[in-house]
$ cat structure.txt   # compact mmCIF, C-alpha atoms and all ligand atoms
# COMPACT_ATOMS: atom_id res chain seq x y z
CA MET P 15 84.30 -31.09 52.16
CA GLN P 16 85.33 -34.70 51.74
CA ALA P 17 86.24 -36.80 54.73
CA ALA P 18 89.52 -37.77 53.12
CA ALA P 19 90.51 -34.18 52.50
CA THR P 20 93.77 -33.13 54.05
CA SER P 21 95.09 -29.72 54.92
CA PHE P 22 97.80 -28.65 52.51
CA VAL P 23 99.47 -26.28 54.93
CA ALA P 24 99.43 -28.86 57.71
CA ARG P 25 101.44 -31.29 55.67
CA GLN P 26 103.84 -28.84 54.09
CA SER P 27 107.20 -30.55 53.99
CA CYS P 28 110.00 -31.44 51.66
CA ALA P 29 108.16 -34.67 51.02
CA ALA P 30 105.06 -32.75 49.97
CA SER P 31 107.14 -30.61 47.63
CA ALA P 32 108.72 -33.69 46.18
CA ARG P 33 105.29 -35.21 45.66
CA LEU P 34 104.20 -32.16 43.68
CA GLU P 35 107.14 -32.65 41.36
CA MET P 36 106.40 -36.36 41.05
CA LEU P 37 102.84 -35.70 39.93
CA SER P 38 104.08 -34.85 36.47
CA SER P 39 105.87 -38.19 36.14
CA PRO P 40 104.09 -40.94 34.20
CA LEU P 41 105.31 -43.33 36.92
CA HIS P 42 102.78 -41.78 39.29
CA ARG P 43 99.60 -42.08 37.30
CA GLY P 44 97.57 -42.91 40.39
CA PHE P 45 98.56 -39.65 42.05
CA ALA P 46 98.08 -37.81 38.79
CA ALA P 47 94.52 -39.07 38.46
CA ALA P 48 93.72 -37.74 41.94
CA ALA P 49 95.44 -34.45 41.20
CA SER P 50 93.52 -34.09 37.97
CA HIS P 51 90.38 -33.74 40.04
CA ALA P 52 92.08 -31.09 42.16
CA VAL P 53 93.07 -29.13 39.07
CA SER P 54 89.80 -29.34 37.21
CA GLY P 55 87.35 -29.42 40.12
CA SER P 56 86.24 -26.76 42.57
CA LYS P 57 88.59 -27.81 45.35
CA GLY P 58 91.83 -26.15 46.07
CA ALA P 59 92.19 -23.15 43.78
CA VAL P 60 93.34 -19.93 45.49
CA ASP P 61 92.99 -16.58 43.74
CA ILE P 62 95.48 -14.21 45.35
CA HIS P 63 94.59 -11.01 43.47
CA SER P 64 91.11 -9.55 43.81
CA HIS P 65 89.72 -6.25 45.00
CA PHE P 66 86.90 -4.93 47.11
CA LEU P 67 85.19 -1.61 47.59
CA PRO P 68 82.69 -1.02 50.38
CA GLU P 69 79.18 -0.03 49.30
CA LYS P 70 79.76 3.28 51.06
CA TRP P 71 82.17 4.81 53.53
CA PRO P 72 82.48 7.88 55.80
CA ASP P 73 82.81 11.31 54.26
CA PHE P 74 86.57 11.69 54.64
CA VAL P 75 86.50 15.04 52.82
CA GLU P 76 84.34 16.45 55.58
CA ARG P 77 86.67 15.01 58.19
CA TYR P 78 90.02 15.91 56.64
CA GLY P 79 89.49 18.31 53.72
CA GLY P 80 91.90 18.18 50.81
CA SER P 81 91.44 16.49 47.45
CA GLY P 82 91.82 13.11 45.81
CA TRP P 83 89.12 11.45 47.91
CA PRO P 84 87.01 8.66 46.41
CA SER P 85 83.30 8.26 47.04
CA MET P 86 80.48 6.12 45.69
CA ARG P 87 77.36 7.24 43.81
CA HIS P 88 74.39 4.84 43.89
CA THR P 89 71.76 7.22 42.54
CA GLY P 90 71.31 8.98 39.22
CA SER P 91 72.04 7.49 35.83
CA LEU P 92 74.45 4.60 35.53
CA PRO P 93 75.92 3.32 32.25
CA PRO P 94 74.30 0.31 30.53
CA GLY P 95 76.18 -2.89 29.76
CA THR P 96 78.33 -5.17 31.86
CA PHE P 97 81.49 -4.26 33.72
CA GLY P 98 83.17 -7.52 34.57
CA TYR P 99 81.94 -11.08 35.22
CA GLU P 100 78.72 -10.38 33.28
CA ARG P 101 77.52 -8.02 35.98
CA GLU P 102 75.80 -4.73 35.38
CA CYS P 103 76.96 -1.44 36.83
CA SER P 104 75.65 -1.03 40.38
CA ALA P 105 77.36 2.22 41.31
CA MET P 106 79.75 4.88 40.08
CA LEU P 107 83.09 5.22 41.83
CA MET P 108 83.72 8.95 42.08
CA MET P 109 86.88 10.98 42.52
CA ASP P 110 86.50 14.47 44.00
CA GLY P 111 82.83 14.39 43.07
CA GLU P 112 83.45 13.43 39.40
CA ASP P 113 82.54 10.09 37.83
CA PHE P 114 85.66 7.91 37.84
CA ARG P 115 84.58 4.42 36.81
CA PRO P 116 81.52 2.13 36.92
CA VAL P 117 81.66 -0.75 39.41
CA THR P 118 79.52 -3.80 40.09
CA LYS P 119 78.03 -5.03 43.33
CA ALA P 120 80.58 -7.86 43.43
CA CYS P 121 82.92 -5.24 44.93
CA TRP P 122 81.03 -5.38 48.24
CA ASP P 123 78.38 -8.10 47.98
CA ILE P 124 79.68 -11.38 49.44
CA HIS P 125 76.87 -13.42 47.88
CA ALA P 126 77.66 -12.14 44.39
CA ARG P 127 81.36 -12.83 44.92
CA LEU P 128 80.82 -16.37 46.21
CA GLU P 129 78.46 -17.07 43.31
CA ASP P 130 81.18 -16.04 40.84
CA LEU P 131 83.83 -18.05 42.69
CA ASP P 132 81.62 -21.15 42.69
CA LYS P 133 80.97 -20.71 38.99
CA ALA P 134 84.71 -20.57 38.33
CA GLY P 135 85.59 -23.40 40.71
CA ILE P 136 87.67 -21.23 43.02
CA GLN P 137 87.79 -22.28 46.67
CA HIS P 138 89.71 -19.39 48.19
CA GLN P 139 90.22 -15.75 47.34
CA LEU P 140 92.36 -13.01 48.85
CA LEU P 141 90.77 -9.57 48.87
CA SER P 142 92.66 -6.32 48.87
CA ALA P 143 91.76 -2.67 48.53
CA THR P 144 91.26 -1.00 45.21
CA PRO P 145 94.42 1.19 45.29
CA ILE P 146 92.38 4.40 45.00
CA LEU P 147 91.63 3.86 48.72
CA PHE P 148 95.30 4.14 49.79
CA GLN P 149 95.37 7.96 50.15
CA TRP P 150 99.14 8.18 50.31
CA HIS P 151 99.09 11.84 49.24
CA GLN P 152 97.17 12.84 52.40
CA PRO P 153 98.68 13.72 55.80
CA PRO P 154 99.83 10.42 57.41
CA ALA P 155 97.32 10.61 60.27
CA ALA P 156 94.44 10.81 57.78
CA ALA P 157 95.79 7.89 55.74
CA LEU P 158 96.19 5.85 58.94
CA ASP P 159 92.57 6.54 59.88
CA VAL P 160 91.45 5.53 56.37
CA ALA P 161 93.58 2.36 56.46
CA ARG P 162 92.16 1.33 59.83
CA TYR P 163 88.62 1.89 58.62
CA PHE P 164 89.00 -0.16 55.43
CA ASN P 165 91.09 -2.87 57.13
CA ASP P 166 88.45 -3.40 59.82
CA TYR P 167 85.69 -3.32 57.19
CA LEU P 168 87.52 -6.00 55.18
CA ILE P 169 87.94 -8.30 58.18
CA GLU P 170 84.19 -8.06 58.81
CA MET P 171 83.54 -8.78 55.14
CA VAL P 172 85.69 -11.92 54.94
CA SER P 173 84.41 -13.13 58.32
CA PHE P 174 80.82 -13.23 57.07
CA PRO P 175 79.59 -16.71 58.07
CA GLU P 176 78.48 -17.64 54.55
CA ALA P 177 82.03 -17.11 53.31
CA ASN P 178 82.85 -20.19 55.38
CA GLY P 179 86.54 -19.36 55.66
CA ARG P 180 87.02 -19.05 51.88
CA LEU P 181 87.77 -15.32 51.79
CA HIS P 182 90.94 -13.77 53.19
CA ALA P 183 92.08 -10.21 53.77
CA LEU P 184 95.16 -8.26 52.74
CA CYS P 185 95.45 -4.97 54.58
CA GLN P 186 96.45 -1.50 53.42
CA VAL P 187 98.87 0.82 55.23
CA PRO P 188 99.75 4.54 55.25
CA LEU P 189 103.06 3.92 53.51
CA GLN P 190 103.93 7.62 53.23
CA ASP P 191 104.89 7.20 56.90
CA PRO P 192 106.79 3.90 57.36
CA ASP P 193 106.49 4.03 61.18
CA LEU P 194 102.69 4.31 61.04
CA ALA P 195 102.64 1.69 58.26
CA MET P 196 104.55 -0.77 60.46
CA GLU P 197 102.21 -0.08 63.36
CA GLU P 198 99.13 -0.68 61.20
CA VAL P 199 100.42 -3.80 59.44
CA SER P 200 101.13 -5.38 62.85
CA ARG P 201 97.68 -4.40 64.13
CA ALA P 202 96.05 -5.75 60.97
CA LYS P 203 97.93 -9.03 61.26
CA ARG P 204 96.68 -9.44 64.83
CA SER P 205 93.13 -8.83 63.61
CA GLY P 206 93.36 -11.61 61.02
CA HIS P 207 94.81 -10.16 57.83
CA LYS P 208 96.89 -12.65 55.83
CA GLY P 209 99.28 -10.05 54.46
CA VAL P 210 99.50 -6.55 53.08
CA GLN P 211 98.93 -5.06 49.66
CA ILE P 212 101.04 -2.01 48.83
CA GLY P 213 101.25 0.23 45.78
CA ASN P 214 104.48 -0.04 43.85
CA HIS P 215 105.76 3.43 44.77
CA VAL P 216 105.09 6.36 47.08
CA GLY P 217 105.34 9.43 44.87
CA PRO P 218 108.97 9.59 43.75
CA LYS P 219 110.05 6.86 46.18
CA ASP P 220 110.53 3.36 44.78
CA LEU P 221 110.73 0.19 46.83
CA ASP P 222 114.48 0.65 47.34
CA ASP P 223 113.84 3.82 49.40
CA GLU P 224 115.28 3.51 52.90
CA GLY P 225 111.92 3.96 54.65
CA LEU P 226 110.14 1.50 52.37
CA VAL P 227 112.91 -1.07 52.82
CA THR P 228 112.53 -0.64 56.58
CA PHE P 229 108.81 -1.36 56.18
CA LEU P 230 109.53 -4.44 54.05
CA LYS P 231 112.05 -5.67 56.62
CA HIS P 232 109.37 -5.30 59.29
CA CYS P 233 107.05 -7.42 57.13
CA ALA P 234 109.76 -10.09 56.83
CA ASP P 235 110.37 -10.02 60.60
CA GLU P 236 106.64 -10.38 61.33
CA ASP P 237 106.11 -12.96 58.57
CA VAL P 238 103.65 -10.73 56.71
CA ALA P 239 103.34 -11.57 53.01
CA VAL P 240 103.45 -8.56 50.66
CA LEU P 241 101.53 -8.15 47.40
CA VAL P 242 102.80 -5.24 45.28
CA HIS P 243 100.15 -3.70 43.06
CA PRO P 244 100.84 -1.09 40.35
CA TRP P 245 99.13 2.25 40.81
CA ASP P 246 99.54 5.99 40.32
CA MET P 247 100.84 5.33 36.83
CA ALA P 248 103.37 7.66 35.25
CA ASN P 249 101.72 9.32 32.27
CA PRO P 250 104.27 11.31 30.28
CA ASP P 251 102.62 14.01 28.14
CA ASN P 252 99.28 12.32 28.81
CA ARG P 253 100.15 9.66 26.23
CA LEU P 254 98.59 6.89 28.32
CA SER P 255 95.28 8.69 28.73
CA LYS P 256 93.61 7.09 25.71
CA TYR P 257 92.35 3.58 24.98
CA MET P 258 92.82 2.51 28.63
CA MET P 259 96.58 2.40 28.00
CA GLY P 260 97.13 3.54 31.58
CA TRP P 261 95.90 0.08 32.57
CA THR P 262 97.25 -2.01 29.68
CA VAL P 263 100.65 -0.34 29.30
CA GLY P 264 101.17 1.92 32.32
CA MET P 265 100.43 -0.69 34.99
CA PRO P 266 102.86 -3.32 33.66
CA MET P 267 105.49 -0.59 33.24
CA GLU P 268 105.09 0.48 36.85
CA THR P 269 105.48 -3.14 37.94
CA HIS P 270 108.71 -3.99 36.13
CA LEU P 271 110.08 -0.56 37.03
CA SER P 272 109.55 -1.43 40.71
CA ILE P 273 111.19 -4.84 40.44
CA THR P 274 114.16 -3.30 38.63
CA ALA P 275 114.45 -0.48 41.19
CA MET P 276 114.43 -3.00 44.02
CA ILE P 277 117.19 -5.03 42.40
CA LEU P 278 119.46 -2.19 41.24
CA GLY P 279 118.79 -0.12 44.37
CA GLY P 280 120.21 -2.98 46.43
CA ALA P 281 116.92 -3.55 48.30
CA PHE P 282 117.14 -7.33 48.02
CA ASP P 283 120.74 -7.19 49.28
CA ARG P 284 119.53 -5.33 52.38
CA LEU P 285 116.42 -7.46 52.98
CA PRO P 286 116.31 -10.94 54.49
CA ARG P 287 115.61 -13.88 52.20
CA SER P 288 112.61 -14.63 54.38
CA LEU P 289 110.68 -11.66 52.88
CA LYS P 290 107.66 -12.98 50.99
CA ILE P 291 106.95 -10.47 48.22
CA CYS P 292 104.80 -10.98 45.12
CA PHE P 293 104.27 -8.61 42.20
CA ALA P 294 100.88 -8.43 40.48
CA HIS P 295 100.22 -8.67 36.72
CA GLY P 296 102.94 -11.26 36.16
CA GLY P 297 105.65 -8.76 37.10
CA GLY P 298 104.80 -6.58 34.10
CA ALA P 299 107.26 -7.05 31.25
CA PHE P 300 110.10 -7.97 33.61
CA PRO P 301 110.76 -11.39 32.02
CA LEU P 302 111.22 -9.64 28.67
CA ILE P 303 113.47 -6.81 29.88
CA LEU P 304 115.63 -8.96 32.17
CA GLY P 305 118.12 -9.73 29.39
CA ARG P 306 118.50 -6.03 28.67
CA ILE P 307 119.05 -5.11 32.32
CA GLU P 308 121.51 -7.99 32.67
CA ASN P 309 123.49 -6.86 29.63
CA ALA P 310 123.59 -3.25 30.89
CA TRP P 311 124.71 -4.50 34.33
CA ARG P 312 127.66 -6.29 32.76
CA GLU P 313 128.63 -3.59 30.26
CA ARG P 314 128.15 -0.32 32.17
CA SER P 315 129.09 0.14 35.82
CA ILE P 316 126.52 2.94 36.24
CA ALA P 317 123.77 0.50 35.24
CA ARG P 318 124.60 -1.70 38.24
CA GLY P 319 123.32 0.78 40.78
CA LYS P 320 123.90 -0.62 44.26
CA SER P 321 123.19 -4.25 43.43
CA LEU P 322 125.84 -6.72 44.47
CA HIS P 323 124.94 -9.37 41.91
CA PRO P 324 123.64 -9.53 38.32
CA PRO P 325 119.85 -8.95 38.09
CA SER P 326 119.10 -12.57 37.15
CA SER P 327 120.50 -13.75 40.47
CA TYR P 328 117.54 -12.16 42.30
CA LEU P 329 114.89 -14.23 40.52
CA ASP P 330 114.48 -16.41 43.59
CA ARG P 331 113.66 -13.45 45.83
CA PHE P 332 110.12 -12.67 44.66
CA SER P 333 106.98 -14.16 43.14
CA VAL P 334 104.46 -12.95 40.57
CA ASP P 335 100.79 -13.62 39.91
CA SER P 336 99.44 -15.28 36.78
CA ALA P 337 97.44 -12.27 35.50
CA CYS P 338 99.04 -12.25 32.04
CA PHE P 339 96.05 -13.48 29.99
CA GLY P 340 97.84 -15.67 27.42
CA HIS P 341 99.38 -19.13 27.29
CA ARG P 342 102.60 -17.82 25.68
CA GLU P 343 102.90 -15.22 28.41
CA LEU P 344 102.21 -17.74 31.18
CA ARG P 345 104.84 -20.08 29.73
CA LEU P 346 107.31 -17.19 29.82
CA LEU P 347 106.50 -16.47 33.49
CA VAL P 348 107.09 -20.08 34.48
CA ASP P 349 110.27 -20.28 32.37
CA CYS P 350 111.60 -17.10 33.96
CA PHE P 351 110.58 -17.41 37.61
CA GLY P 352 109.92 -21.14 37.99
CA ALA P 353 106.57 -22.81 38.76
CA GLU P 354 107.20 -22.34 42.49
CA ARG P 355 107.07 -18.52 42.06
CA VAL P 356 103.85 -18.00 40.09
CA MET P 357 100.41 -17.87 41.78
CA LEU P 358 96.91 -17.63 40.37
CA GLY P 359 95.75 -14.00 40.37
CA SER P 360 92.63 -12.78 38.56
CA ASP P 361 92.12 -9.06 39.31
CA TYR P 362 88.44 -9.87 40.03
CA PRO P 363 85.85 -8.26 39.96
CA PHE P 364 86.94 -5.75 37.32
CA PRO P 365 86.46 -5.99 33.55
CA LEU P 366 90.21 -6.30 32.93
CA GLY P 367 90.42 -9.33 35.24
CA GLU P 368 90.54 -12.97 34.10
CA GLN P 369 86.85 -13.51 33.39
CA GLN P 370 87.03 -17.30 33.80
CA ILE P 371 89.19 -17.33 36.92
CA GLY P 372 91.83 -20.02 36.75
CA ASP P 373 91.13 -21.16 33.18
CA LEU P 374 94.43 -19.84 31.83
CA VAL P 375 96.37 -22.10 34.22
CA ARG P 376 93.99 -25.04 34.01
CA THR P 377 94.02 -25.13 30.19
CA SER P 378 97.71 -24.40 29.72
CA PRO P 379 99.14 -26.81 27.12
CA ASP P 380 102.64 -26.20 28.47
CA LEU P 381 102.44 -26.85 32.21
CA SER P 382 102.56 -30.26 33.86
CA LEU P 383 99.91 -31.29 36.34
CA GLY P 384 102.37 -30.71 39.18
CA GLN P 385 103.13 -27.22 37.93
CA LYS P 386 99.41 -26.42 37.65
CA GLU P 387 98.90 -27.55 41.24
CA ARG P 388 101.62 -25.20 42.34
CA LEU P 389 100.13 -22.23 40.49
CA LEU P 390 96.53 -22.97 41.43
CA TYR P 391 96.95 -23.48 45.16
CA ALA P 392 100.16 -24.94 46.55
CA ASN P 393 102.33 -21.83 46.26
CA ALA P 394 99.61 -19.56 47.66
CA ALA P 395 98.92 -21.91 50.58
CA THR P 396 102.53 -21.61 51.68
CA PHE P 397 102.99 -17.94 50.80
CA PHE P 398 99.89 -16.64 52.61
CA GLY P 399 99.46 -19.43 55.16
CA ILE P 400 96.07 -20.60 53.91
CA ASN P 401 94.66 -23.98 54.74
CA VAL P 402 93.67 -25.46 51.43
CA GLU P 403 91.58 -28.60 51.48
CA ILE P 404 92.54 -30.89 48.65
CA PRO P 405 90.83 -34.13 47.68
CO CO P 501 94.41 -5.46 40.67
$ encode --input "structure.txt" --output "structure tokens" --more "lines below"
Ligand code: CO
Amino acid sequence: MQAAATSFVARQSCAASARLEMLSSPLHRGFAAAASHAVSGSKGAVDIHSHFLPEKWPDFVERYGGSGWPSMRHTGSLPPGTFGYERECSAMLMMDGEDFRPVTKACWDIHARLEDLDKAGIQHQLLSATPILFQWHQPPAAALDVARYFNDYLIEMVSFPEANGRLHALCQVPLQDPDLAMEEVSRAKRSGHKGVQIGNHVGPKDLDDEGLVTFLKHCADEDVAVLVHPWDMANPDNRLSKYMMGWTVGMPMETHLSITAMILGGAFDRLPRSLKICFAHGGGAFPLILGRIENAWRERSIARGKSLHPPSSYLDRFSVDSACFGHRELRLLVDCFGAERVMLGSDYPFPLGEQQIGDLVRTSPDLSLGQKERLLYANAATFFGINVEIP
């Protein structure tokens, strides 16, 4: 940490925002030279989208019965090869006793994670549950118990002294019961969580459901930032079951479906502007389907749902992460949402994550230095309330 380093959050102001814009101006080459170090060096970058899994956890099946419980297998044969970030398989994530997917020790091993972050020049990372841990199909009391267990585990994990304040927690909640979810998100915030990660739907309920909107309003009232992650992907006629299309096609579809449901269901009209909500995976294909939704909104009254305004007027109500994996796609995100609404997100430590965390933003031929600063750390510092030391 350099002596001259300043806290980004501490000096958040209109002036600071203006400075970020000025960085792209050739009139401010001195500032730009300093910022260049921030963009290319190890200082400052915040990865808002990563996952953890504990090495093991209590036998919830024994405690609660039922199905759909994950567990971890560390013995027996494990598949050869690497499964993200050049790491070998360390365990098999199981579902109801069947192999589900290979995982690496970076899911739970802080040293492995910090090594990968150092290699990629990432100063801060937010950790959230792998959605399989949510258990929203279980009785609410069981899901609350599970959420408390994993939330407390995660706080211990990010508080590990060697993490030196670089790792931050996003909690999980039993969202099938909004009252319990509100209780747990408040408890988690008091214990140090920086926000909450939720799945993009609860069974047939989208984020415009009355109970879910009540939960989101609670998050706004308590200043809890929300990361929406796709999960429980629709799979009509099993057509997404091959070639990992559940992940490559189903997850983005879930994401833009959720954004659209929030808009047309009037959720943003009912929620305060202070709600901080971010959608993973660049918002799915939302930037591409926005024109279509907008046209339908204007041409057919039934396509308006309950929304008071055209869909494009809600673009300033939410953010997205940068997990889109291509310069053309990143340019589209910034064109659509604005550089102030896109944050670095990798999906670490899984094989479908950005393997060189932050490189897509850093090497973008389209973004100015000021825009890169916003995506790499400035937006996240404000959104999640993280103190980012910049040179
Ligand atoms: Co993810």
$ closest_atom_pairs --input "structure.txt" --of "chain P" --to "ligand CO 501 (chain P)" --cutoff "7 Å" --atoms "all atoms listed in the file" --output "CSV"
residue,atom,partner,partner_atom,distance
P:His63,CA,P:CO501,CO,6.2
P:Ser64,CA,P:CO501,CO,6.1
P:His65,CA,P:CO501,CO,6.4
P:His243,CA,P:CO501,CO,6.5
P:Asp361,CA,P:CO501,CO,4.5
$ closest_residue --input "structure.txt" --among "P:Phe364, P:Arg180, P:Gly279, P:Cys233" --to "Trp261 (chain P)" --atoms "all atoms listed in the file"
P:Phe364
$ residues_around --input "structure.txt" --residues "Pro68 (chain P)" --least-positions-apart "4" --cutoff "8 Å" --atoms "only C-alpha atoms" --output "ChimeraX atom specification"
/P:121-122,167
$ atom_distance --input "structure.txt" --atom1 "CA of Gln139 (chain P)" --atom2 "CA of Leu226 (chain P)"
26.8 Å
$ closest_residue --input "structure.txt" --among "P:Pro153, P:Ala126, P:Arg388, P:Ile62" --to "Gly80 (chain P)" --atoms "all atoms listed in the file"
P:Pro153
$ closest_residue --input "structure.txt" --among "P:Asp235, P:Glu197, P:Asp349, P:Asp166" --to "Leu285 (chain P)" --atoms "all atoms listed in the file"
P:Asp235
$ atom_distance --input "structure.txt" --atom1 "CA of Val242 (chain P)" --atom2 "CA of Phe293 (chain P)"
4.8 Å
$ closest_atom_pairs --input "structure.txt" --of "region 166-254 of chain P" --to "region 294-298 of chain P" --cutoff "12 Å" --atoms "all atoms listed in the file" --output "Markdown table"
| residue | atom | partner | partner_atom | distance |
| --- | --- | --- | --- | --- |
| P:Gln211 | CA | P:Ala294 | CA | 10.0 |
| P:Ile212 | CA | P:Ala294 | CA | 10.5 |
| P:Gly213 | CA | P:Ala294 | CA | 10.2 |
| P:Asn214 | CA | P:Ala294 | CA | 9.7 |
| P:Val240 | CA | P:Ala294 | CA | 10.5 |
| P:Leu241 | CA | P:Ala294 | CA | 7.0 |
| P:Val242 | CA | P:Ala294 | CA | 6.1 |
| P:His243 | CA | P:Ala294 | CA | 5.4 |
| P:Pro244 | CA | P:Ala294 | CA | 7.3 |
| P:Trp245 | CA | P:Ala294 | CA | 10.8 |
$ closest_residue --input "structure.txt" --among "P:Asp61, P:Asp130, P:Asp237, P:Glu69" --to "Ser104 (chain P)" --atoms "only C-alpha atoms"
P:Glu69
$ residues_around --input "structure.txt" --residues "Arg201 (chain P)" --least-positions-apart "5" --cutoff "12 Å" --atoms "all atoms listed in the file" --output "PyMOL selection string"
chain P and resi 158+161-162+165-166+185-187+194-196+206-210+236+238
$ write_last_selection --input "structure.txt" --atoms "C-alpha atoms" --output "PDB file, keeping the file's coordinate frame"
ATOM      1  CA  LEU P 158      96.190   5.850  58.940  1.00  0.00           C
ATOM      2  CA  ALA P 161      93.580   2.360  56.460  1.00  0.00           C
ATOM      3  CA  ARG P 162      92.160   1.330  59.830  1.00  0.00           C
ATOM      4  CA  ASN P 165      91.090  -2.870  57.130  1.00  0.00           C
ATOM      5  CA  ASP P 166      88.450  -3.400  59.820  1.00  0.00           C
ATOM      6  CA  CYS P 185      95.450  -4.970  54.580  1.00  0.00           C
ATOM      7  CA  GLN P 186      96.450  -1.500  53.420  1.00  0.00           C
ATOM      8  CA  VAL P 187      98.870   0.820  55.230  1.00  0.00           C
ATOM      9  CA  LEU P 194     102.690   4.310  61.040  1.00  0.00           C
ATOM     10  CA  ALA P 195     102.640   1.690  58.260  1.00  0.00           C
ATOM     11  CA  MET P 196     104.550  -0.770  60.460  1.00  0.00           C
ATOM     12  CA  GLY P 206      93.360 -11.610  61.020  1.00  0.00           C
ATOM     13  CA  HIS P 207      94.810 -10.160  57.830  1.00  0.00           C
ATOM     14  CA  LYS P 208      96.890 -12.650  55.830  1.00  0.00           C
ATOM     15  CA  GLY P 209      99.280 -10.050  54.460  1.00  0.00           C
ATOM     16  CA  VAL P 210      99.500  -6.550  53.080  1.00  0.00           C
ATOM     17  CA  GLU P 236     106.640 -10.380  61.330  1.00  0.00           C
ATOM     18  CA  VAL P 238     103.650 -10.730  56.710  1.00  0.00           C
TER      19      VAL P 238
END
$ closest_residue --input "structure.txt" --among "P:Glu313, P:Asp251, P:Asp330, P:Glu368" --to "Arg287 (chain P)" --atoms "all atoms listed in the file"
P:Asp330
$ residues_near_point --input "structure.txt" --point "(105.2, -9.4, 33.3)" --cutoff "10 Å" --atoms "only C-alpha atoms" --output "ChimeraX atom specification"
/P:266-267,269-270,293-303,334-338,343-344,346-347
$ write_last_selection --input "structure.txt" --atoms "C-alpha atoms" --output "mmCIF file, in the coordinates of the input"
data_model
loop_
_atom_site.group_PDB
_atom_site.id
_atom_site.type_symbol
_atom_site.label_atom_id
_atom_site.label_comp_id
_atom_site.auth_asym_id
_atom_site.auth_seq_id
_atom_site.Cartn_x
_atom_site.Cartn_y
_atom_site.Cartn_z
ATOM 1 C CA PRO P 266 102.860 -3.320 33.660
ATOM 2 C CA MET P 267 105.490 -0.590 33.240
ATOM 3 C CA THR P 269 105.480 -3.140 37.940
ATOM 4 C CA HIS P 270 108.710 -3.990 36.130
ATOM 5 C CA PHE P 293 104.270 -8.610 42.200
ATOM 6 C CA ALA P 294 100.880 -8.430 40.480
ATOM 7 C CA HIS P 295 100.220 -8.670 36.720
ATOM 8 C CA GLY P 296 102.940 -11.260 36.160
ATOM 9 C CA GLY P 297 105.650 -8.760 37.100
ATOM 10 C CA GLY P 298 104.800 -6.580 34.100
ATOM 11 C CA ALA P 299 107.260 -7.050 31.250
ATOM 12 C CA PHE P 300 110.100 -7.970 33.610
ATOM 13 C CA PRO P 301 110.760 -11.390 32.020
ATOM 14 C CA LEU P 302 111.220 -9.640 28.670
ATOM 15 C CA ILE P 303 113.470 -6.810 29.880
ATOM 16 C CA VAL P 334 104.460 -12.950 40.570
ATOM 17 C CA ASP P 335 100.790 -13.620 39.910
ATOM 18 C CA SER P 336 99.440 -15.280 36.780
ATOM 19 C CA ALA P 337 97.440 -12.270 35.500
ATOM 20 C CA CYS P 338 99.040 -12.250 32.040
ATOM 21 C CA GLU P 343 102.900 -15.220 28.410
ATOM 22 C CA LEU P 344 102.210 -17.740 31.180
ATOM 23 C CA LEU P 346 107.310 -17.190 29.820
ATOM 24 C CA LEU P 347 106.500 -16.470 33.490
#
$ atom_distance --input "structure.txt" --atom1 "CA of His88 (chain P)" --atom2 "CA of Gly367 (chain P)"
23.1 Å
$ closest_residue --input "structure.txt" --among "P:Glu403, P:Glu354, P:Asp73, P:Asp373" --to "Leu389 (chain P)" --atoms "all atoms listed in the file"
P:Glu354
$ residues_around --input "structure.txt" --residues "Gly225 (chain P)" --least-positions-apart "6" --cutoff "12 Å" --atoms "only C-alpha atoms" --output "count of residues only"
14
$ residues_around --input "structure.txt" --residues "region 134-136 of chain P" --least-positions-apart "2" --cutoff "8 Å" --atoms "all atoms listed in the file" --output "list of chain:residue names"
P:Gly55, P:Ser56, P:Lys57, P:Gly58, P:Ala59, P:Val60, P:Asp61, P:Asp130, P:Leu131, P:Asp132, P:His138, P:Gln139, P:Gln370, P:Ile371, P:Gly372
$ residues_near_point --input "structure.txt" --point "(97.7, 2.5, 32.9)" --cutoff "12 Å" --atoms "all atoms listed in the file" --output "list in words"
Pro244, Trp245, Asp246, Met247, Ala248, Asn249, Pro250, Asn252, Arg253, Leu254, Ser255, Lys256, Tyr257, Met258, Met259, Gly260, Trp261, Thr262, Val263, Gly264, Met265, Pro266, Met267, Glu268, Thr269, Gly298 and Leu366 of chain P
$ residues_around --input "structure.txt" --residues "Ser326 (chain P)" --least-positions-apart "4" --cutoff "10 Å" --atoms "all atoms listed in the file" --output "JSON, numbers by chain"
{"P": [277, 301, 304, 305, 307, 308, 330, 350, 351]}
$ axis_aligned_box --input "structure.txt" --around "region 134-147 of chain P" --padding-each-side "4 Å" --output "JSON"
{"center_x": 89.6, "center_y": -9.5, "center_z": 43.6, "size_x": 17.7, "size_y": 35.8, "size_z": 18.5}
